[in-house]
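S.K.: Got a file for you: input-v8.csv, CSV, C-alpha atoms.
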chain,number,residue,atom,x,y,z
T,1,MET,CA,90.6,78.9,-45.6
T,2,THR,CA,87.9,77.0,-47.6
T,3,SER,CA,84.8,75.5,-46.0
T,4,GLN,CA,86.3,72.0,-46.8
T,5,ASP,CA,89.5,73.0,-45.0
T,6,LYS,CA,87.5,74.2,-42.0
T,7,SER,CA,85.5,71.0,-41.9
T,8,GLN,CA,88.7,68.9,-42.1
T,9,GLN,CA,90.3,70.9,-39.3
T,10,ALA,CA,87.3,70.6,-37.1
T,11,LEU,CA,87.1,66.9,-37.8
T,12,GLN,CA,90.5,66.4,-36.0
T,13,ARG,CA,88.7,67.3,-32.8
T,14,ILE,CA,86.8,64.0,-33.0
T,15,ARG,CA,88.7,61.1,-31.4
T,16,ALA,CA,90.8,59.2,-33.8
T,17,ASP,CA,89.4,55.8,-32.7
T,18,VAL,CA,85.9,57.1,-33.4
T,19,ARG,CA,86.9,58.2,-36.9
T,20,ALA,CA,88.3,54.8,-37.5
T,21,MET,CA,85.1,53.0,-36.4
T,22,GLN,CA,82.4,51.7,-38.7
T,23,ALA,CA,78.9,53.0,-37.8
T,24,TYR,CA,76.3,50.4,-36.8
T,25,HIS,CA,74.7,49.6,-40.2
T,26,VAL,CA,71.0,48.9,-40.6
T,27,GLN,CA,70.1,47.4,-43.9
T,28,ASP,CA,67.4,49.1,-46.0
T,29,SER,CA,64.4,46.8,-45.8
T,30,LYS,CA,61.9,48.7,-47.9
T,31,GLY,CA,59.9,46.2,-50.0
T,32,LEU,CA,61.8,43.2,-48.5
T,33,LEU,CA,61.0,40.5,-46.0
T,34,LYS,CA,63.0,41.5,-42.9
T,35,MET,CA,64.5,38.4,-41.4
T,36,ASP,CA,67.8,39.9,-40.1
T,37,THR,CA,67.0,41.7,-36.8
T,38,MET,CA,65.1,39.1,-34.7
T,39,GLU,CA,61.9,41.2,-34.3
T,40,ASN,CA,58.6,39.9,-33.2
T,41,PRO,CA,56.6,39.6,-36.5
T,42,TYR,CA,53.2,40.1,-34.9
T,43,ARG,CA,51.4,43.4,-34.8
T,44,LEU,CA,48.8,44.3,-32.1
T,45,PRO,CA,45.3,43.3,-33.0
T,46,ASP,CA,43.3,46.3,-34.4
T,47,ALA,CA,41.2,46.7,-31.2
T,48,LEU,CA,44.3,46.9,-29.0
T,49,GLN,CA,46.1,49.1,-31.4
T,50,GLN,CA,43.2,51.6,-31.2
T,51,LYS,CA,43.2,51.4,-27.4
T,52,LEU,CA,47.0,52.1,-27.3
T,53,GLY,CA,46.5,55.0,-29.7
T,54,GLU,CA,43.9,56.5,-27.4
T,55,ARG,CA,46.1,56.1,-24.4
T,56,LEU,CA,49.1,57.7,-26.1
T,57,GLY,CA,46.9,60.5,-27.5
T,58,ALA,CA,45.8,61.4,-24.0
T,59,LEU,CA,49.3,61.9,-22.6
T,60,GLU,CA,50.6,65.3,-21.6
T,61,ILE,CA,53.6,65.3,-23.9
T,62,ASN,CA,54.3,68.9,-22.9
T,63,ARG,CA,55.4,67.6,-19.5
T,64,TYR,CA,58.5,65.6,-18.5
T,65,PRO,CA,58.0,62.0,-17.6
T,66,GLY,CA,56.9,61.5,-14.0
T,67,GLU,CA,55.4,58.9,-11.6
T,68,ARG,CA,54.4,56.5,-14.4
T,69,LEU,CA,58.0,55.5,-14.6
T,70,GLU,CA,57.8,54.2,-11.1
T,71,THR,CA,54.6,52.3,-12.1
T,72,LEU,CA,56.5,50.7,-15.0
T,73,LYS,CA,59.4,49.7,-12.7
T,74,LYS,CA,57.1,48.0,-10.3
T,75,MET,CA,55.3,46.2,-13.2
T,76,LEU,CA,58.7,45.0,-14.6
T,77,ALA,CA,59.8,43.8,-11.2
T,78,ASP,CA,56.6,41.8,-10.8
T,79,TYR,CA,56.9,40.5,-14.4
T,80,VAL,CA,60.4,39.3,-13.9
T,81,GLY,CA,59.7,37.9,-10.4
T,82,ALA,CA,62.5,40.0,-8.9
T,83,PRO,CA,63.9,39.0,-5.5
T,84,THR,CA,63.3,41.2,-2.4
T,85,GLY,CA,65.8,44.0,-2.1
T,86,THR,CA,66.2,44.6,-5.8
T,87,ALA,CA,65.8,47.8,-7.8
T,88,VAL,CA,65.0,48.4,-11.5
T,89,LEU,CA,66.8,50.8,-13.9
T,90,LEU,CA,65.2,51.8,-17.2
T,91,GLY,CA,67.1,52.5,-20.4
T,92,ASN,CA,66.5,53.6,-23.9
T,93,GLY,CA,66.9,50.0,-25.0
T,94,SER,CA,69.5,47.7,-23.4
T,95,ASP,CA,72.1,49.5,-25.5
T,96,GLU,CA,71.8,52.5,-23.3
T,97,ILE,CA,72.1,50.3,-20.2
T,98,ILE,CA,75.3,48.8,-21.5
T,99,THR,CA,76.7,52.4,-21.9
T,100,LEU,CA,75.6,53.3,-18.4
T,101,LEU,CA,77.3,50.2,-16.9
T,102,ALA,CA,80.5,51.1,-18.7
T,103,LEU,CA,80.3,54.7,-17.6
T,104,ALA,CA,79.8,53.8,-14.0
T,105,THR,CA,82.7,51.3,-13.9
T,106,ALA,CA,85.3,53.0,-16.1
T,107,GLN,CA,87.7,53.9,-13.3
T,108,PRO,CA,91.4,53.4,-13.7
T,109,HIS,CA,93.4,51.4,-11.1
T,110,ALA,CA,97.1,50.6,-10.4
T,111,GLU,CA,97.2,48.1,-13.2
T,112,GLY,CA,95.7,50.5,-15.8
T,113,ARG,CA,92.2,50.9,-17.2
T,114,ALA,CA,89.2,49.0,-16.0
T,115,LYS,CA,88.3,45.9,-18.0
T,116,MET,CA,85.1,44.5,-19.5
T,117,LEU,CA,85.0,40.8,-20.4
T,118,ALA,CA,82.7,38.6,-22.4
T,119,PRO,CA,82.7,35.3,-24.3
T,120,MET,CA,83.1,35.8,-28.0
T,121,PRO,CA,81.5,35.7,-30.5
T,122,GLY,CA,78.9,37.8,-28.7
T,123,PHE,CA,76.9,41.0,-28.8
T,124,VAL,CA,78.8,43.7,-30.8
T,125,MET,CA,77.8,46.4,-28.3
T,126,TYR,CA,80.0,45.0,-25.5
T,127,PRO,CA,83.4,45.8,-27.1
T,128,MET,CA,82.0,49.0,-28.8
T,129,SER,CA,80.8,50.3,-25.4
T,130,ALA,CA,84.1,49.4,-23.7
T,131,GLN,CA,86.0,51.3,-26.4
T,132,LEU,CA,83.8,54.4,-26.3
T,133,GLN,CA,83.7,54.6,-22.5
T,134,GLY,CA,87.3,54.0,-21.8
T,135,LEU,CA,87.5,50.4,-20.7
T,136,ASP,CA,89.7,47.6,-22.1
T,137,PHE,CA,87.7,44.8,-23.6
T,138,VAL,CA,88.8,41.2,-23.1
T,139,GLY,CA,87.1,38.6,-25.4
T,140,VAL,CA,87.3,34.9,-24.5
T,141,ASN,CA,86.6,32.5,-27.3
T,142,LEU,CA,83.8,30.0,-27.1
T,143,THR,CA,84.6,26.5,-28.1
T,144,ALA,CA,84.2,25.4,-31.7
T,145,ASP,CA,80.6,24.4,-31.1
T,146,PHE,CA,79.9,27.7,-29.3
T,147,ASP,CA,79.9,26.3,-25.8
T,148,LEU,CA,81.2,28.3,-22.8
T,149,ASP,CA,84.9,27.6,-22.3
T,150,VAL,CA,84.8,27.7,-18.5
T,151,PRO,CA,88.6,27.1,-17.8
T,152,ALA,CA,89.5,29.9,-20.3
T,153,MET,CA,86.9,32.2,-18.8
T,154,GLN,CA,88.2,31.5,-15.2
T,155,ALA,CA,91.8,32.1,-16.3
T,156,ALA,CA,90.9,35.3,-18.1
T,157,ILE,CA,88.9,36.6,-15.1
T,158,ALA,CA,91.7,35.8,-12.7
T,159,ALA,CA,94.3,37.5,-15.0
T,160,HIS,CA,92.3,40.6,-15.9
T,161,GLN,CA,90.0,41.1,-12.9
T,162,PRO,CA,87.2,42.7,-15.0
T,163,ALA,CA,84.9,45.3,-13.6
T,164,ILE,CA,82.1,43.8,-15.7
T,165,THR,CA,81.6,40.4,-17.2
T,166,TYR,CA,78.8,39.9,-19.6
T,167,ILE,CA,77.0,36.6,-20.1
T,168,ALA,CA,74.4,36.7,-22.8
T,169,TYR,CA,71.8,34.1,-21.9
T,170,PRO,CA,70.9,33.0,-24.6
T,171,ASN,CA,73.9,34.3,-26.6
T,172,ASN,CA,73.7,36.4,-29.7
T,173,PRO,CA,74.4,35.5,-32.5
T,174,THR,CA,74.8,31.8,-31.6
T,175,ALA,CA,71.4,31.4,-29.9
T,176,THR,CA,73.2,29.3,-27.2
T,177,LEU,CA,71.8,28.8,-23.7
T,178,TRP,CA,74.8,27.5,-21.7
T,179,ASP,CA,74.4,25.0,-18.9
T,180,ASP,CA,73.7,26.5,-15.5
T,181,ASP,CA,76.7,24.9,-13.7
T,182,LYS,CA,79.1,26.4,-16.3
T,183,VAL,CA,77.5,29.8,-16.0
T,184,GLN,CA,77.6,29.6,-12.2
T,185,ALA,CA,81.3,28.7,-12.3
T,186,VAL,CA,82.0,31.9,-14.2
T,187,ILE,CA,79.8,33.9,-11.8
T,188,ASP,CA,81.8,32.5,-8.9
T,189,ALA,CA,85.1,33.3,-10.6
T,190,VAL,CA,84.0,37.0,-11.0
T,191,ALA,CA,83.0,37.1,-7.3
T,192,ASP,CA,86.6,36.1,-6.4
T,193,VAL,CA,87.9,39.3,-8.1
T,194,GLY,CA,85.1,41.6,-6.9
T,195,GLY,CA,83.5,42.3,-10.2
T,196,LEU,CA,79.9,42.6,-11.6
T,197,VAL,CA,78.2,40.0,-13.8
T,198,VAL,CA,75.5,41.2,-16.2
T,199,MET,CA,73.2,38.4,-17.4
T,200,ASP,CA,72.0,39.7,-20.7
T,201,GLU,CA,68.6,38.1,-21.3
T,202,ALA,CA,67.5,40.0,-24.4
T,203,TYR,CA,66.1,36.8,-25.8
T,204,GLN,CA,64.5,35.4,-22.7
T,205,PRO,CA,60.9,35.2,-24.2
T,206,PHE,CA,62.2,32.3,-26.4
T,207,ALA,CA,64.4,30.6,-23.8
T,208,SER,CA,63.6,27.6,-21.6
T,209,ARG,CA,64.9,29.2,-18.4
T,210,SER,CA,66.0,32.5,-16.9
T,211,TRP,CA,68.8,33.3,-14.4
T,212,ILE,CA,66.3,35.1,-12.2
T,213,ASP,CA,65.5,31.7,-10.7
T,214,GLN,CA,69.1,31.3,-9.5
T,215,MET,CA,69.1,34.9,-8.2
T,216,ARG,CA,66.0,34.1,-6.1
T,217,ALA,CA,67.2,30.6,-5.0
T,218,ASP,CA,70.7,31.7,-3.9
T,219,PRO,CA,70.8,35.5,-3.5
T,220,ALA,CA,74.1,35.4,-1.6
T,221,ARG,CA,75.9,33.6,-4.3
T,222,ASN,CA,74.4,36.0,-6.9
T,223,ALA,CA,74.7,39.2,-4.9
T,224,HIS,CA,77.0,40.7,-7.6
T,225,VAL,CA,74.7,39.7,-10.5
T,226,LEU,CA,72.6,42.1,-12.5
T,227,LEU,CA,69.8,40.9,-14.9
T,228,MET,CA,69.4,42.9,-18.1
T,229,ARG,CA,66.5,42.6,-20.5
T,230,THR,CA,64.8,44.5,-23.2
T,231,LEU,CA,61.2,44.7,-24.4
T,232,SER,CA,62.4,44.7,-28.0
T,233,LYS,CA,62.2,40.9,-28.5
T,234,PHE,CA,59.1,40.9,-26.2
T,235,GLY,CA,57.4,42.7,-29.1
T,236,LEU,CA,58.3,46.4,-28.7
T,237,ALA,CA,61.4,46.9,-30.8
T,238,GLY,CA,60.1,50.3,-31.9
T,239,ALA,CA,59.5,51.5,-28.3
T,240,ARG,CA,63.2,51.2,-27.2
T,241,LEU,CA,62.8,50.1,-23.6
T,242,GLY,CA,65.5,48.1,-21.7
T,243,TYR,CA,65.7,47.4,-18.0
T,244,LEU,CA,68.2,46.3,-15.4
T,245,VAL,CA,67.3,44.4,-12.3
T,246,GLY,CA,69.6,43.7,-9.4
T,247,PRO,CA,70.5,44.4,-5.8
T,248,ALA,CA,69.4,48.0,-5.0
T,249,VAL,CA,72.7,48.9,-3.5
T,250,ILE,CA,74.4,48.3,-6.9
T,251,VAL,CA,71.6,49.5,-9.3
T,252,ASN,CA,71.1,52.7,-7.4
T,253,GLU,CA,74.7,53.7,-8.0
T,254,ILE,CA,74.5,52.9,-11.7
T,255,ASP,CA,71.3,55.0,-11.9
T,256,LYS,CA,73.4,58.1,-11.0
T,257,VAL,CA,74.9,58.2,-14.5
T,258,ARG,CA,71.6,57.8,-16.3
T,259,PRO,CA,70.5,60.9,-18.2
T,260,PRO,CA,67.5,62.6,-16.7
T,261,TYR,CA,64.2,61.8,-18.4
T,262,ASN,CA,65.8,59.2,-20.7
T,263,ILE,CA,62.5,57.3,-21.1
T,264,SER,CA,59.8,59.3,-22.9
T,265,VAL,CA,56.2,59.3,-21.7
T,266,LEU,CA,55.2,57.6,-25.0
T,267,ASN,CA,57.7,54.7,-24.5
T,268,CYS,CA,56.7,54.4,-20.8
T,269,GLU,CA,53.0,54.2,-21.5
T,270,THR,CA,53.5,51.8,-24.4
T,271,ALA,CA,55.5,49.5,-22.1
T,272,ILE,CA,52.8,49.7,-19.4
T,273,PHE,CA,50.1,48.9,-22.0
T,274,ALA,CA,52.1,45.9,-23.2
T,275,LEU,CA,52.6,44.5,-19.7
T,276,GLU,CA,48.9,44.9,-19.1
T,277,ASN,CA,48.5,42.6,-22.1
T,278,GLU,CA,51.4,40.3,-21.3
T,279,ALA,CA,49.3,37.2,-22.0
T,280,LEU,CA,49.0,38.2,-25.7
T,281,TYR,CA,52.8,38.7,-26.0
T,282,ALA,CA,53.4,35.4,-24.3
T,283,GLU,CA,51.2,33.7,-26.8
T,284,GLN,CA,53.1,35.4,-29.6
T,285,ALA,CA,56.4,34.1,-28.2
T,286,ARG,CA,54.9,30.6,-27.9
T,287,ALA,CA,53.9,30.7,-31.6
T,288,ILE,CA,57.5,31.8,-32.6
T,289,ARG,CA,59.0,29.0,-30.5
T,290,ALA,CA,56.7,26.5,-32.1
T,291,GLU,CA,58.1,27.5,-35.6
T,292,ARG,CA,61.7,27.3,-34.5
T,293,GLN,CA,62.4,23.6,-34.6
T,294,PRO,CA,60.5,23.0,-37.9
T,295,LEU,CA,62.7,25.8,-39.4
T,296,ILE,CA,65.9,24.1,-38.1
T,297,ASP,CA,64.8,20.8,-39.5
T,298,ALA,CA,64.1,22.3,-42.9
T,299,LEU,CA,67.4,24.0,-42.9
T,300,GLN,CA,69.3,20.8,-42.1
T,301,ALA,CA,67.5,19.1,-45.0
T,302,LEU,CA,69.0,21.6,-47.5
T,303,SER,CA,72.1,20.1,-49.3
T,304,GLY,CA,73.9,23.5,-49.5
T,305,VAL,CA,73.7,24.1,-45.7
T,306,ARG,CA,76.8,22.8,-44.0
T,307,GLN,CA,75.8,23.2,-40.4
T,308,VAL,CA,72.8,24.4,-38.3
T,309,TRP,CA,73.1,25.0,-34.5
T,310,PRO,CA,70.4,24.4,-31.9
T,311,SER,CA,68.6,27.6,-30.8
T,312,GLU,CA,67.1,28.9,-27.6
T,313,ALA,CA,66.2,32.3,-29.1
T,314,ASN,CA,64.2,33.6,-32.1
T,315,MET,CA,67.1,33.2,-34.4
T,316,VAL,CA,69.0,30.3,-36.0
T,317,LEU,CA,72.7,30.3,-36.9
T,318,MET,CA,73.8,28.3,-39.9
T,319,ARG,CA,76.9,27.8,-42.0
T,320,VAL,CA,76.9,27.7,-45.8
T,321,ASP,CA,79.7,27.5,-48.4
T,322,ASP,CA,79.6,31.3,-49.3
T,323,ALA,CA,77.7,33.4,-46.8
T,324,GLY,CA,78.3,36.7,-48.7
T,325,LYS,CA,77.0,35.2,-52.0
T,326,THR,CA,74.1,33.5,-50.4
T,327,GLN,CA,73.0,36.7,-48.5
T,328,ALA,CA,73.2,38.8,-51.6
T,329,ALA,CA,71.2,36.2,-53.6
T,330,MET,CA,68.5,36.1,-51.0
T,331,LYS,CA,68.3,39.9,-50.9
T,332,ALA,CA,67.8,39.8,-54.7
T,333,ARG,CA,64.9,37.5,-54.0
T,334,GLY,CA,63.4,39.9,-51.5
T,335,VAL,CA,64.6,38.4,-48.2
T,336,LEU,CA,67.0,40.0,-45.8
T,337,VAL,CA,69.2,37.9,-43.5
T,338,LYS,CA,72.3,38.7,-41.5
T,339,ASN,CA,75.8,37.7,-42.6
T,340,VAL,CA,77.8,37.4,-39.4
T,341,SER,CA,81.0,36.0,-40.9
T,342,ALA,CA,83.0,39.1,-40.2
T,343,MET,CA,82.1,39.3,-36.5
T,344,HIS,CA,84.5,36.5,-35.4
T,345,PRO,CA,86.7,33.8,-36.9
T,346,LEU,CA,84.4,31.1,-35.4
T,347,LEU,CA,81.5,32.5,-37.5
T,348,ALA,CA,83.2,32.0,-40.8
T,349,GLN,CA,80.6,31.6,-43.6
T,350,CYS,CA,77.7,31.9,-41.1
T,351,LEU,CA,74.3,33.5,-41.6
T,352,ARG,CA,71.8,34.4,-38.8
T,353,LEU,CA,68.1,34.0,-39.6
T,354,THR,CA,65.2,35.4,-37.7
T,355,VAL,CA,62.5,32.9,-36.7
T,356,GLY,CA,59.3,34.4,-38.0
T,357,THR,CA,55.7,33.3,-38.8
T,358,ARG,CA,55.2,30.1,-40.7
T,359,GLU,CA,54.5,32.0,-43.8
T,360,GLU,CA,57.7,34.2,-43.4
T,361,ASN,CA,59.8,31.1,-42.7
T,362,ALA,CA,58.5,29.4,-45.8
T,363,ARG,CA,59.3,32.4,-47.9
T,364,MET,CA,62.8,32.6,-46.4
T,365,LEU,CA,63.4,28.9,-47.0
T,366,ALA,CA,62.4,29.2,-50.6
T,367,ALA,CA,64.7,32.1,-51.2
T,368,LEU,CA,67.5,30.3,-49.4
T,369,LYS,CA,67.1,27.1,-51.4
T,370,GLU,CA,67.4,29.1,-54.6
T,371,SER,CA,70.4,31.1,-53.3
T,372,LEU,CA,72.7,28.3,-52.1
Would you put the structure from the file into structure tokens?

M.R.:
Amino acid sequence: MTSQDKSQQALQRIRADVRAMQAYHVQDSKGLLKMDTMENPYRLPDALQQKLGERLGALEINRYPGERLETLKKMLADYVGAPTGTAVLLGNGSDEIITLLALATAQPHAEGRAKMLAPMPGFVMYPMSAQLQGLDFVGVNLTADFDLDVPAMQAAIAAHQPAITYIAYPNNPTATLWDDDKVQAVIDAVADVGGLVVMDEAYQPFASRSWIDQMRADPARNAHVLLMRTLSKFGLAGARLGYLVGPAVIVNEIDKVRPPYNISVLNCETAIFALENEALYAEQARAIRAERQPLIDALQALSGVRQVWPSEANMVLMRVDDAGKTQAAMKARGVLVKNVSAMHPLLAQCLRLTVGTREENARMLAALKESL
């Protein structure tokens, strides 16, 4: 048997659905303006960068992570304003938390496999996690203008009785922050079938409100609600730190499937340092929000742009005549943006753009104008 035959034979041991999947693709950004992944464009000032380096350099990286993780959890709970009786779970980015939630709830029942439900188009990791962890995914279409279709959500929840319902708040890639009464109606529908609701607030630094206020104001009505956030959009995309906040009785059960020592001492200390300097990151978020509406106004003024949607995140969704052609032409001009057309039929010919600094936005707009 040749080495190729052996490899092909061994390959059959990998699940067929995994072999049929496409890996998560990250565009090569070397030498390009990276406006495709909604990162915070601001670096730490030199003095703080030096202080962080000194902190990280003093860590005992020969030891497993220890009590500093509890320090970080307490700081995150205070930062969020978590209600009494909640617990915090840490993840290697919110992606890992999505996996942990699926692992913890993937139990079969009389009607078949457990279900995960979310409005679509939405974050690609929801259906991917469901597939990999053995849940059935139920996607419920948003309206044509990307609003939450409450009757459709209520009907799907009643029919499928999902173990987990995700509500991205604001939503990715549409940047929509749905009305609280509509969101609460969905949360109440999930309560009727005994499921969990995960409020995914990855883009909270750029939104006008957070569901944590509702969790504090009416804890009984939100007793089955978990708040998930990440420090990636806060400004630590490279540190990979996500967190889940919710009733301790639920969070502590999910924590049982978390791998031991999943957060490194380096990531932990970086997050603690960032929270100690939270005012700086808050100012960076304010600067990004200030550039958002001028960017939207400039996009709407371009003749080749068919539609631009309002945004409560650090991204803007727009529709053009030919998203693939426009994206390629912008890349040729040194600017990366995300073509989301293939994600969902409602996103046909849509591009997603990061809101960056004024200079970055100007460069992106110039490339777009020449590429339409």

S.K.: Using all atoms listed in the file, what residues lie at most 10 Å away from (64.5, 39.9, -47.1) (file coordinates), given as a ChimeraX atom specification?

M.R.: /T:27-36,327-328,330-338,360,363-364,367

S.K.: Have a look at T:Lys233, T:Tyr243, T:Arg286, T:Gly356 and name the one nearest to T:Asn92; count all atoms listed in the file.

M.R.: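 Among the listed residues, T:Tyr243 lies closest to T:Asn92.
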
S.K.: Choose the residue, out of T:Ile272, T:Ala239, T:Leu353, T:Ala191, that has the smallest atom-to-atom separation from T:Ala220; count all atoms listed in the file.

M.R.: T:Ala191

S.K.: Would you mind reading off the distance between atom CA of T:His344 and atom CA of T:Gly242, one decimal, in Å?

M.R.: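 Pair atom CA of T:His344 / atom CA of T:Gly242 returns 26.1 Å.
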
S.K.: Write out as a list in words which residues come within 12 Å of T:Glu67 when counting all atoms listed in the file, dropping same-chain ones fewer than 3 positions away.

M.R.: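 Within the cut-off, the hits are Arg63, Tyr64, Glu70, Thr71, Leu72, Lys73, Lys74, Tyr261, Ile263, Val265, Cys268 and Glu269 of chain T.
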
S.K.: Find the residues near T:Glu283: any atom within 12 Å, counting all atoms listed in the file, skip ones fewer than 4 places away on the same chain, and give them as a list in words.

M.R.: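 Once the adjacent positions are removed, what remains is Asn40, Tyr42, Pro205, Phe206, Phe234, Gly235, Asn277, Glu278, Ala279, Ala287, Ile288, Arg289 and Ala290 of chain T.
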
S.K.: Provide the atom CA of T:Ala23 to atom CA of T:Leu117 distance in Å, to one decimal place.

M.R.: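 Taking atom CA of T:Ala23 and atom CA of T:Leu117, their separation equals 22.1 Å.
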